[in-house]
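Participant: Below is the file upload18.csv, with CSV, C-alpha atoms.
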chain,number,residue,atom,x,y,z
A,1,MET,CA,18.3,7.3,-33.1
A,2,ASP,CA,17.1,3.6,-33.0
A,3,GLU,CA,13.7,2.6,-34.4
A,4,GLN,CA,10.7,3.8,-32.5
A,5,LEU,CA,8.6,1.3,-30.5
A,6,PHE,CA,5.0,2.2,-31.3
A,7,PRO,CA,3.1,0.3,-34.1
A,8,LYS,CA,3.8,1.9,-37.5
A,9,GLU,CA,0.2,1.8,-38.5
A,10,LEU,CA,-0.5,4.2,-35.6
A,11,MET,CA,0.7,7.0,-37.7
A,12,LEU,CA,-2.3,6.6,-39.9
A,13,LYS,CA,-4.7,6.8,-37.0
A,14,SER,CA,-6.6,9.7,-35.5
A,15,ALA,CA,-5.2,12.0,-32.9
A,16,ASN,CA,-7.5,10.4,-30.2
A,17,GLU,CA,-6.2,6.9,-31.1
A,18,LYS,CA,-2.6,8.1,-30.8
A,19,ILE,CA,-3.4,9.7,-27.5
A,20,ASN,CA,-5.2,6.7,-26.1
A,21,TYR,CA,-2.4,4.4,-27.2
A,22,PHE,CA,0.2,6.3,-25.2
A,23,LYS,CA,-2.2,6.8,-22.2
A,24,ASN,CA,-2.6,3.0,-22.0
A,25,LEU,CA,1.1,2.4,-22.1
A,26,THR,CA,2.7,1.1,-18.9
A,27,VAL,CA,6.3,0.4,-18.3
A,28,ALA,CA,7.5,-2.4,-16.0
A,29,HIS,CA,10.3,-0.5,-14.3
A,30,PRO,CA,12.4,-2.1,-11.5
A,31,ASN,CA,10.7,-0.6,-8.5
A,32,LEU,CA,7.3,-1.5,-9.8
A,33,MET,CA,8.3,-5.1,-10.5
A,34,LYS,CA,10.1,-5.4,-7.2
A,35,ALA,CA,6.9,-4.3,-5.4
A,36,TYR,CA,4.8,-6.7,-7.5
A,37,GLU,CA,7.0,-9.7,-6.7
A,38,GLU,CA,7.0,-8.7,-3.1
A,39,PHE,CA,3.2,-8.6,-3.1
A,40,LYS,CA,3.0,-12.1,-4.7
A,41,ASN,CA,5.4,-13.6,-2.2
A,42,LYS,CA,3.8,-12.1,0.8
A,43,ILE,CA,0.2,-12.7,-0.2
A,44,SER,CA,1.0,-16.3,-0.8
A,45,VAL,CA,2.0,-16.8,2.9
A,46,ALA,CA,-0.4,-14.3,4.5
A,47,ASP,CA,-3.2,-15.6,6.6
A,48,LYS,CA,-6.7,-15.2,5.3
A,49,ASN,CA,-7.4,-12.3,7.6
A,50,GLU,CA,-4.2,-10.3,7.0
A,51,ILE,CA,-4.0,-6.6,6.1
A,52,LEU,CA,-1.3,-5.6,3.6
A,53,LEU,CA,-0.2,-1.9,3.2
A,54,ILE,CA,1.3,-0.9,-0.1
A,55,PHE,CA,2.5,2.7,0.2
A,56,GLY,CA,4.7,5.3,-1.4
A,57,PRO,CA,4.8,9.0,-2.4
A,58,SER,CA,2.1,10.6,-4.5
A,59,GLY,CA,2.5,9.8,-8.2
A,60,VAL,CA,5.0,6.9,-7.8
A,61,GLY,CA,2.8,4.3,-9.6
A,62,LYS,CA,0.6,2.7,-6.9
A,63,SER,CA,-2.5,2.7,-9.1
A,64,THR,CA,-0.5,1.1,-11.9
A,65,LEU,CA,0.6,-1.6,-9.5
A,66,PHE,CA,-3.1,-2.0,-8.4
A,67,ASN,CA,-4.2,-2.5,-12.0
A,68,ARG,CA,-1.4,-4.9,-12.7
A,69,ILE,CA,-2.2,-7.1,-9.8
A,70,PHE,CA,-5.9,-7.0,-10.7
A,71,GLU,CA,-5.3,-8.0,-14.3
A,72,ASP,CA,-2.8,-10.7,-13.6
A,73,TYR,CA,-5.0,-12.4,-11.0
A,74,THR,CA,-7.9,-12.3,-13.3
A,75,LYS,CA,-5.9,-14.0,-16.1
A,76,THR,CA,-4.3,-16.6,-13.7
A,77,TYR,CA,-7.7,-17.8,-12.3
A,78,LEU,CA,-9.8,-17.4,-15.4
A,79,THR,CA,-10.2,-21.2,-15.8
A,80,GLU,CA,-11.4,-21.5,-12.2
A,81,MET,CA,-13.9,-18.7,-12.7
A,82,LEU,CA,-15.3,-20.3,-15.8
A,83,GLN,CA,-15.8,-23.5,-13.9
A,84,ASP,CA,-17.3,-21.8,-10.8
A,85,LYS,CA,-19.5,-18.9,-12.0
A,86,GLY,CA,-19.8,-17.6,-8.4
A,87,LEU,CA,-16.0,-17.2,-8.0
A,88,ILE,CA,-14.2,-13.9,-8.3
A,89,SER,CA,-10.5,-14.3,-8.2
A,90,ILE,CA,-9.8,-10.8,-6.9
A,91,VAL,CA,-11.8,-7.7,-6.1
A,92,GLY,CA,-10.8,-4.1,-6.2
A,93,THR,CA,-12.4,-0.7,-5.6
A,94,GLU,CA,-11.3,2.8,-4.8
A,95,ALA,CA,-11.9,4.6,-1.5
A,96,ALA,CA,-13.6,7.7,-2.6
A,97,ALA,CA,-12.4,11.0,-1.2
A,98,PRO,CA,-15.1,12.3,1.2
A,99,ASP,CA,-17.0,15.5,0.4
A,100,ASP,CA,-17.7,16.6,4.0
A,101,GLY,CA,-14.3,15.7,5.6
A,102,ARG,CA,-15.2,12.2,6.8
A,103,PHE,CA,-15.1,8.9,5.1
A,104,ASP,CA,-18.4,7.5,3.9
A,105,TRP,CA,-18.5,3.8,4.8
A,106,LYS,CA,-22.0,3.3,3.4
A,107,ASP,CA,-20.7,4.5,0.0
A,108,PHE,CA,-17.7,2.2,0.3
A,109,TYR,CA,-19.9,-0.8,1.0
A,110,ILE,CA,-22.1,0.0,-2.1
A,111,ARG,CA,-19.0,0.4,-4.3
A,112,SER,CA,-17.6,-2.9,-3.0
A,113,LEU,CA,-20.8,-4.7,-3.6
A,114,THR,CA,-20.8,-3.4,-7.2
A,115,ALA,CA,-17.2,-4.7,-7.7
A,116,LEU,CA,-18.4,-8.1,-6.3
A,117,ASN,CA,-21.2,-8.2,-9.0
A,118,GLU,CA,-23.7,-8.4,-6.2
A,119,PRO,CA,-27.4,-8.3,-7.4
A,120,LEU,CA,-30.1,-6.1,-6.1
A,121,ILE,CA,-27.7,-3.8,-4.2
A,122,ASN,CA,-30.3,-1.1,-3.7
A,123,TYR,CA,-32.6,-3.6,-2.0
A,124,LYS,CA,-30.3,-4.6,0.9
A,125,VAL,CA,-32.1,-4.4,4.3
A,126,ASN,CA,-31.6,-5.6,7.8
A,127,ILE,CA,-33.9,-8.4,9.0
A,128,GLU,CA,-35.1,-8.3,12.5
A,129,VAL,CA,-37.4,-10.7,14.5
A,130,HIS,CA,-40.5,-9.1,16.0
A,131,SER,CA,-43.5,-10.5,17.8
A,132,LYS,CA,-45.4,-10.2,14.5
A,133,GLY,CA,-42.8,-12.2,12.6
A,134,ILE,CA,-39.6,-11.5,10.7
A,135,LEU,CA,-39.7,-8.0,9.3
A,136,PRO,CA,-37.2,-6.0,7.1
A,137,THR,CA,-35.9,-2.8,8.7
A,138,ASP,CA,-34.9,0.4,6.8
A,139,LYS,CA,-31.8,0.2,4.6
A,140,SER,CA,-28.8,1.2,6.6
A,141,LYS,CA,-25.0,1.1,6.6
A,142,ASN,CA,-25.1,-2.1,8.6
A,143,ALA,CA,-27.2,-3.8,6.0
A,144,TYR,CA,-24.8,-3.0,3.3
A,145,ARG,CA,-21.9,-4.1,5.4
A,146,ARG,CA,-23.5,-7.5,6.2
A,147,ALA,CA,-24.2,-7.9,2.5
A,148,MET,CA,-20.6,-7.2,1.7
A,149,GLU,CA,-19.3,-9.7,4.3
A,150,ASN,CA,-21.6,-12.4,2.8
A,151,ALA,CA,-20.6,-11.6,-0.7
A,152,LEU,CA,-16.9,-12.0,0.1
A,153,LYS,CA,-17.6,-15.3,1.7
A,154,TYR,CA,-19.4,-16.7,-1.3
A,155,ARG,CA,-17.2,-15.1,-4.0
A,156,LYS,CA,-14.0,-16.3,-2.3
A,157,PRO,CA,-11.5,-13.7,-3.7
A,158,HIS,CA,-7.8,-14.2,-3.1
A,159,ALA,CA,-7.6,-10.6,-2.0
A,160,PHE,CA,-9.6,-7.4,-1.7
A,161,LEU,CA,-7.8,-4.3,-3.1
A,162,ILE,CA,-8.5,-0.8,-1.9
A,163,ASP,CA,-6.9,2.0,-4.0
A,164,GLU,CA,-6.4,5.5,-2.5
A,165,ALA,CA,-6.8,4.0,1.0
A,166,GLN,CA,-5.5,7.2,2.7
A,167,HIS,CA,-9.0,8.6,2.2
A,168,ILE,CA,-10.2,6.1,4.9
A,169,SER,CA,-8.1,8.1,7.4
A,170,ARG,CA,-10.6,11.1,7.0
A,171,ILE,CA,-12.6,10.9,10.2
A,172,ALA,CA,-15.4,12.9,11.7
A,173,ARG,CA,-14.9,14.9,14.8
A,174,GLY,CA,-14.9,12.8,17.9
A,175,LYS,CA,-14.2,9.6,15.9
A,176,SER,CA,-11.0,7.6,16.3
A,177,LEU,CA,-8.7,6.8,13.5
A,178,ARG,CA,-8.3,3.4,15.2
A,179,ASN,CA,-12.0,2.8,14.7
A,180,GLN,CA,-11.5,3.1,10.9
A,181,MET,CA,-8.7,0.5,10.9
A,182,ASP,CA,-10.7,-1.8,13.2
A,183,THR,CA,-13.5,-1.8,10.6
A,184,ILE,CA,-11.1,-3.0,8.0
A,185,LYS,CA,-9.6,-5.6,10.4
A,186,SER,CA,-13.1,-6.8,11.2
A,187,LEU,CA,-14.1,-7.1,7.6
A,188,ALA,CA,-11.0,-9.2,6.9
A,189,SER,CA,-11.6,-11.4,9.9
A,190,ILE,CA,-15.2,-12.1,9.2
A,191,SER,CA,-14.9,-12.7,5.5
A,192,MET,CA,-11.5,-14.5,5.8
A,193,VAL,CA,-10.2,-12.5,2.8
A,194,PRO,CA,-6.9,-10.5,3.0
A,195,PHE,CA,-7.3,-6.8,2.5
A,196,VAL,CA,-4.7,-4.8,0.6
A,197,LEU,CA,-4.6,-1.1,1.1
A,198,PHE,CA,-2.8,1.1,-1.6
A,199,GLY,CA,-2.1,4.6,-0.6
A,200,THR,CA,0.3,7.4,0.1
A,201,TYR,CA,2.5,7.6,3.2
A,202,GLU,CA,-0.6,8.7,5.1
A,203,ILE,CA,-1.7,5.1,5.5
A,204,LEU,CA,1.2,4.6,7.8
A,205,LYS,CA,-1.0,6.1,10.4
A,206,PHE,CA,-2.9,2.9,10.4
A,207,ARG,CA,0.1,0.7,10.8
A,208,ASN,CA,1.2,2.0,14.1
A,209,LEU,CA,-2.1,2.3,15.9
A,210,SER,CA,-1.6,-0.7,18.1
A,211,GLY,CA,0.6,-3.7,18.6
A,212,GLN,CA,-2.2,-6.0,17.3
A,213,LEU,CA,-2.6,-4.1,14.1
A,214,ILE,CA,1.2,-4.1,13.6
A,215,ARG,CA,1.2,-7.8,14.1
A,216,ARG,CA,-1.6,-8.3,11.6
A,217,GLY,CA,-0.1,-6.1,9.0
A,218,ILE,CA,2.4,-6.6,6.2
A,219,ASP,CA,4.2,-3.6,4.6
A,220,ILE,CA,5.3,-3.2,1.0
A,221,HIS,CA,7.1,0.1,0.1
A,222,LEU,CA,7.0,1.4,-3.5
A,223,PRO,CA,9.6,4.1,-3.4
A,224,ARG,CA,10.5,6.8,-5.9
A,225,TYR,CA,13.8,6.8,-7.8
A,226,LYS,CA,16.7,8.8,-6.2
A,227,ALA,CA,19.1,10.6,-8.4
A,228,GLU,CA,22.0,10.2,-6.0
A,229,ILE,CA,21.8,6.3,-6.4
A,230,ALA,CA,23.4,5.1,-9.6
A,231,ASP,CA,20.9,2.2,-10.1
A,232,ASP,CA,17.9,4.4,-9.5
A,233,ARG,CA,19.3,7.1,-11.8
A,234,GLU,CA,19.8,4.5,-14.6
A,235,ALA,CA,16.3,3.1,-14.1
A,236,PHE,CA,14.7,6.5,-14.3
A,237,GLN,CA,16.6,7.3,-17.5
A,238,ASN,CA,15.5,4.0,-19.0
A,239,VAL,CA,11.8,4.8,-18.3
A,240,LEU,CA,12.2,8.2,-19.9
A,241,TRP,CA,13.9,6.6,-22.9
A,242,THR,CA,11.0,4.1,-23.2
A,243,PHE,CA,8.4,6.9,-23.1
A,244,GLN,CA,10.4,8.8,-25.8
A,245,LYS,CA,10.4,5.7,-28.0
A,246,HIS,CA,6.6,5.3,-27.7
A,247,LEU,CA,5.6,8.8,-28.5
A,248,PRO,CA,3.7,8.6,-31.9
A,249,PHE,CA,5.5,11.1,-34.0
A,250,ASN,CA,7.3,10.8,-37.3
A,251,GLU,CA,10.4,12.3,-35.7
A,252,GLU,CA,11.5,10.9,-32.4
A,253,PRO,CA,12.0,13.6,-29.8
A,254,ASN,CA,15.4,13.8,-28.1
A,255,LEU,CA,14.3,13.9,-24.4
A,256,ILE,CA,16.8,11.7,-22.7
A,257,VAL,CA,19.5,14.4,-22.8
A,258,HIS,CA,17.2,16.4,-20.6
A,259,TRP,CA,16.6,13.7,-18.0
A,260,GLU,CA,17.6,16.0,-15.1
A,261,TYR,CA,14.8,18.4,-16.1
A,262,PHE,CA,12.2,15.5,-16.1
A,263,TYR,CA,13.6,14.1,-12.9
A,264,LEU,CA,13.3,17.5,-11.1
A,265,HIS,CA,9.7,18.2,-12.1
A,266,SER,CA,8.5,14.6,-11.4
A,267,VAL,CA,10.5,14.2,-8.1
A,268,GLY,CA,11.7,10.8,-9.4
A,269,CYS,CA,8.2,9.4,-9.5
A,270,VAL,CA,7.3,7.6,-12.8
A,271,GLY,CA,3.6,8.2,-12.3
A,272,ASN,CA,4.1,11.9,-12.1
A,273,MET,CA,6.2,11.8,-15.3
A,274,LYS,CA,3.6,9.6,-17.1
A,275,LEU,CA,0.8,12.0,-16.3
A,276,TRP,CA,2.9,14.9,-17.5
A,277,PHE,CA,3.6,13.1,-20.8
A,278,ASN,CA,-0.1,12.3,-21.3
A,279,ARG,CA,-1.1,15.9,-20.8
A,280,THR,CA,1.6,17.2,-23.2
A,281,LEU,CA,0.8,14.7,-25.9
A,282,ASP,CA,-3.0,15.3,-25.6
A,283,TYR,CA,-2.6,19.1,-25.9
A,284,SER,CA,0.0,18.9,-28.7
A,285,LEU,CA,-1.9,16.5,-31.0
A,286,SER,CA,-5.3,18.1,-30.3
A,287,LYS,CA,-3.8,21.4,-31.5
A,288,ASP,CA,-1.9,20.0,-34.5
A,289,ILE,CA,-2.4,16.5,-35.8
A,290,ASN,CA,0.5,16.9,-38.2
A,291,LYS,CA,3.0,18.0,-35.5
A,292,LYS,CA,6.3,16.3,-36.3
A,293,THR,CA,7.7,15.9,-32.8
A,294,LEU,CA,7.8,17.2,-29.2
A,295,THR,CA,10.3,19.6,-27.7
A,296,ILE,CA,11.1,20.8,-24.1
A,297,SER,CA,9.0,23.9,-24.7
A,298,ASP,CA,5.9,21.6,-25.2
A,299,PHE,CA,6.5,20.0,-21.8
A,300,GLU,CA,7.1,23.3,-20.1
A,301,LYS,CA,3.4,24.1,-20.6
A,302,PHE,CA,2.4,21.4,-18.2
A,303,GLU,CA,5.4,21.1,-15.8
A,304,LEU,CA,4.8,21.2,-12.1
A,305,SER,CA,5.8,24.5,-10.6
A,306,LEU,CA,8.9,24.6,-8.5
A,307,GLU,CA,6.8,25.4,-5.5
A,308,LYS,CA,4.7,22.3,-6.0
A,309,VAL,CA,7.8,20.2,-6.7
A,310,GLU,CA,9.5,21.5,-3.5
A,311,LYS,CA,6.5,20.6,-1.4
A,312,MET,CA,6.2,17.1,-2.9
A,313,ALA,CA,10.0,16.6,-2.4
A,314,ASP,CA,9.8,17.7,1.2
A,315,GLU,CA,6.9,15.3,1.9
A,316,ALA,CA,8.6,12.4,0.2
A,317,THR,CA,12.0,12.8,1.8
A,318,GLU,CA,10.5,13.3,5.3
A,319,MET,CA,8.5,10.1,5.1
A,320,GLU,CA,11.4,8.2,3.5
A,321,LYS,CA,13.3,8.9,6.7
A,322,TYR,CA,10.4,7.6,8.7
A,323,VAL,CA,10.1,4.4,6.7
A,324,VAL,CA,13.9,3.7,6.4
A,325,ASP,CA,15.8,4.7,9.5
A,326,SER,CA,19.4,3.6,9.4
A,327,ASP,CA,19.6,3.8,13.2
A,328,SER,CA,16.3,1.9,13.8
A,329,GLU,CA,17.9,-1.3,14.9
A,330,HIS,CA,20.1,0.5,17.3
A,331,LYS,CA,17.2,2.4,18.8
A,332,LEU,CA,15.1,-0.7,18.9
A,333,ARG,CA,17.8,-2.6,20.8
A,334,GLU,CA,18.0,0.2,23.3
A,335,ARG,CA,14.3,0.2,23.9
A,336,VAL,CA,14.2,-3.6,24.5
A,337,SER,CA,17.4,-3.5,26.6
A,338,LEU,CA,19.3,-5.6,24.1
A,339,LYS,CA,22.8,-4.1,23.7
A,340,LEU,CA,24.5,-4.2,20.3
A,341,GLY,CA,27.2,-6.8,20.1
A,342,MET,CA,25.9,-8.9,22.9
A,343,GLY,CA,26.1,-12.6,21.9
A,344,ALA,CA,24.5,-15.6,23.4
A,345,ASN,CA,27.8,-16.9,24.8
A,346,GLN,CA,28.8,-13.7,26.4
A,347,SER,CA,28.8,-13.5,30.2
A,348,GLU,CA,27.9,-9.9,30.5
A,349,GLU,CA,25.6,-9.3,33.5
A,350,ILE,CA,22.4,-7.4,33.0
A,351,SER,CA,21.4,-5.6,36.2
A,352,THR,CA,17.8,-5.5,37.3
A,353,PRO,CA,16.1,-2.6,39.2
A,354,TYR,CA,15.2,-4.8,42.1
A,355,LYS,CA,18.6,-6.4,42.7
A,356,SER,CA,21.9,-4.6,42.9
A,357,SER,CA,25.3,-6.2,42.4
A,358,LYS,CA,26.1,-5.6,46.2
A,359,GLN,CA,23.2,-7.9,47.1
A,360,ARG,CA,24.6,-10.8,45.1
A,361,GLY,CA,26.6,-13.5,47.0
A,362,ARG,CA,28.8,-16.3,45.8
A,363,VAL,CA,27.3,-19.4,44.3
A,364,GLY,CA,26.4,-21.9,47.0
A,365,GLU,CA,26.9,-19.4,49.8
A,366,ARG,CA,23.9,-18.8,52.1
A,367,LYS,CA,22.7,-15.2,52.6
A,368,PRO,CA,23.0,-14.0,56.2
A,369,ASN,CA,19.6,-14.3,57.8
A,370,ARG,CA,18.1,-15.5,61.1
A,371,ASP,CA,17.1,-19.2,61.3
A,372,ARG,CA,13.7,-20.2,62.6
A,373,ILE,CA,13.6,-21.2,66.3
A,374,GLY,CA,10.9,-23.4,67.9
A,375,VAL,CA,8.3,-25.9,66.7
A,376,ASP,CA,8.2,-26.3,62.9
A,377,GLU,CA,4.6,-25.6,62.0
A,378,TYR,CA,4.9,-28.1,59.1
A,379,LYS,CA,6.4,-31.0,61.1
A,380,ASP,CA,3.1,-32.9,61.3
A,381,THR,CA,2.4,-32.7,57.6
A,382,LYS,CA,2.2,-36.1,56.0
A,383,ILE,CA,3.7,-36.6,52.6
A,384,ASN,CA,2.1,-39.3,50.4
A,385,THR,CA,4.9,-41.3,48.8
A,386,ASN,CA,2.7,-43.9,47.2
Can you give me the file's structure in the form of structure tokens?

Facilitator:
Amino acid sequence: MDEQLFPKELMLKSANEKINYFKNLTVAHPNLMKAYEEFKNKISVADKNEILLIFGPSGVGKSTLFNRIFEDYTKTYLTEMLQDKGLISIVGTEAAAPDDGRFDWKDFYIRSLTALNEPLINYKVNIEVHSKGILPTDKSKNAYRRAMENALKYRKPHAFLIDEAQHISRIARGKSLRNQMDTIKSLASISMVPFVLFGTYEILKFRNLSGQLIRRGIDIHLPRYKAEIADDREAFQNVLWTFQKHLPFNEEPNLIVHWEYFYLHSVGCVGNMKLWFNRTLDYSLSKDINKKTLTISDFEKFELSLEKVEKMADEATEMEKYVVDSDSEHKLRERVSLKLGMGANQSEEISTPYKSSKQRGRVGERKPNRDRIGVDEYKDTKINTN
């Protein structure tokens, strides 16, 4: 085999250093880079109050894309941030999964303020005017929201990133999912900062809530690799080969010959495969620091069960049909009464419900009707020709 890609001095390091090296490894594979370029292109032309949705199946690498965007923007605008100490080029936080089944907006605001380096977060209060003067009220969700809006205005980030955004769809009984998205839309409008939601296909619930939200939103799909597509198959194999080359062992494992096995148990998602590799390496080196290499039997200890794989595959394929529908244009044309193949120069008549073809006459020919008889009620009307 060719020379391995990890630093040679890593072989003299501890097991933890080897494990951390591989855990921090990211691979710029085609689907990830395509989504990244699409994000840069779309954010550059987006209005300040836009909402971008970046979605894909679980384990496809959305968090990796999140981190890549965050790191690149920080590097790109480093000089500006050094000149303006109050500026933050980009802000990112995670929407925490709720404990009680409903999303906690107050917790989200506090996490956002922390990401914005906002001081005195625990002392945010509402200010109300009373007859006795201006008095602070008790700390509340609204106080933290107002603080977040102000912080975004003054920090001037190019975007606000929310990872695991599907958790926002968790709502209390009696609440509307549309209210959740309206909150995000309002935050973007008031702060004039575009919000970017990273999540599973669940966040597509947000996209179709209303025509206004659809108009305000921009979609970016980060798909898994599909074995039936030659380019996808080759890309997946290249990622597996790269992982193989970076495993810190004296003897390089021969994993590429088992690519179908790795594809099956990762459902074609690079993130799933990377997590699987991390667990296998961690366990193997923790048990035996002198282990020479890895074999398939090592990976079998941490493979996803076929039951879990089947469920993930069903969810992914079902939503992929929803996102990419080959008949969508035809169906859309039918719904807006635009027939396929109808050109601008064609003379095909489109009937309307209030006028049948029998009612139409020839051009220039009067319709049969009774003429008015008697005094014209408008004959005395004076027309000003000045």

Participant: Using atom CA of A:Thr242 and atom CA of A:Gly92 as the two end points, give the distance in Å to one decimal.

Facilitator: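 Atom CA of A:Gly92 lies 28.8 Å from atom CA of A:Thr242.
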
Participant: Applying 12 Å and only C-alpha atoms, which residues near A:Ser14 remain after dropping the ones on its own chain fewer than 2 positions away? List them as an NGL selection string.

Facilitator: :A and (9-12 or 16-21 or 248 or 282 or 285-286 or 288-290)

Participant: How many Å separate atom CA of A:Pro157 from atom CA of A:Glu37?

Facilitator: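 One can read the atom CA of A:Pro157 to atom CA of A:Glu37 distance as 19.2 Å.
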
Participant: I'd like the contact shell of A:Asp232 - 12 Å cut-off, all atoms listed in the file, skipping same-chain residues fewer than 6 positions apart - returned as number ranges by chain.

Facilitator: A: 29-31, 223-226, 238-239, 263, 268-270

Participant: What is the distance, in Å and to one decimal place, between atom CA of A:Ala151 and atom CA of A:Ser191?

Facilitator: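 That distance, rounded to one decimal, is 8.5 Å.
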
Participant: Out of A:Leu275, A:Ala28, A:Ile218, A:Val91, which residue has the shortest atom-to-atom distance to A:Phe55 when counting all atoms listed in the file?

Facilitator: A:Ile218

Participant: Compile the contact shell of stretch 40-48 of chain A as JSON, numbers by chain: residues with an atom at most 10 Å away, counting only C-alpha atoms, same-chain residues fewer than 5 positions apart removed.

Facilitator: {"A": [35, 69, 158, 159, 188, 189, 190, 191, 192, 193, 194, 195, 196, 216, 217, 218, 219, 220]}

Participant: Quick one: everything within 10 Å of A:Arg68, counting all atoms listed in the file, minus sequence neighbours fewer than 6 positions away in the same chain. Send it as a ChimeraX atom specification.

Facilitator: /A:26,28,32-33,36,62,74

Participant: Quick one: residues within 12 Å of A:Tyr322, only C-alpha atoms, excluding same-chain residues fewer than 6 positions away - as a PyMOL selection string?

Facilitator: chain A and resi 56+201-202+204-205+221+315-316+328

Participant: Go through A:Tyr283, A:Phe6, A:Phe66, A:Tyr154 and flag the residue nearest A:Glu252, using all atoms listed in the file for the distances.

Facilitator: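 Among A:Tyr283, A:Phe6, A:Phe66, A:Tyr154, it is A:Phe6 that comes nearest to A:Glu252.
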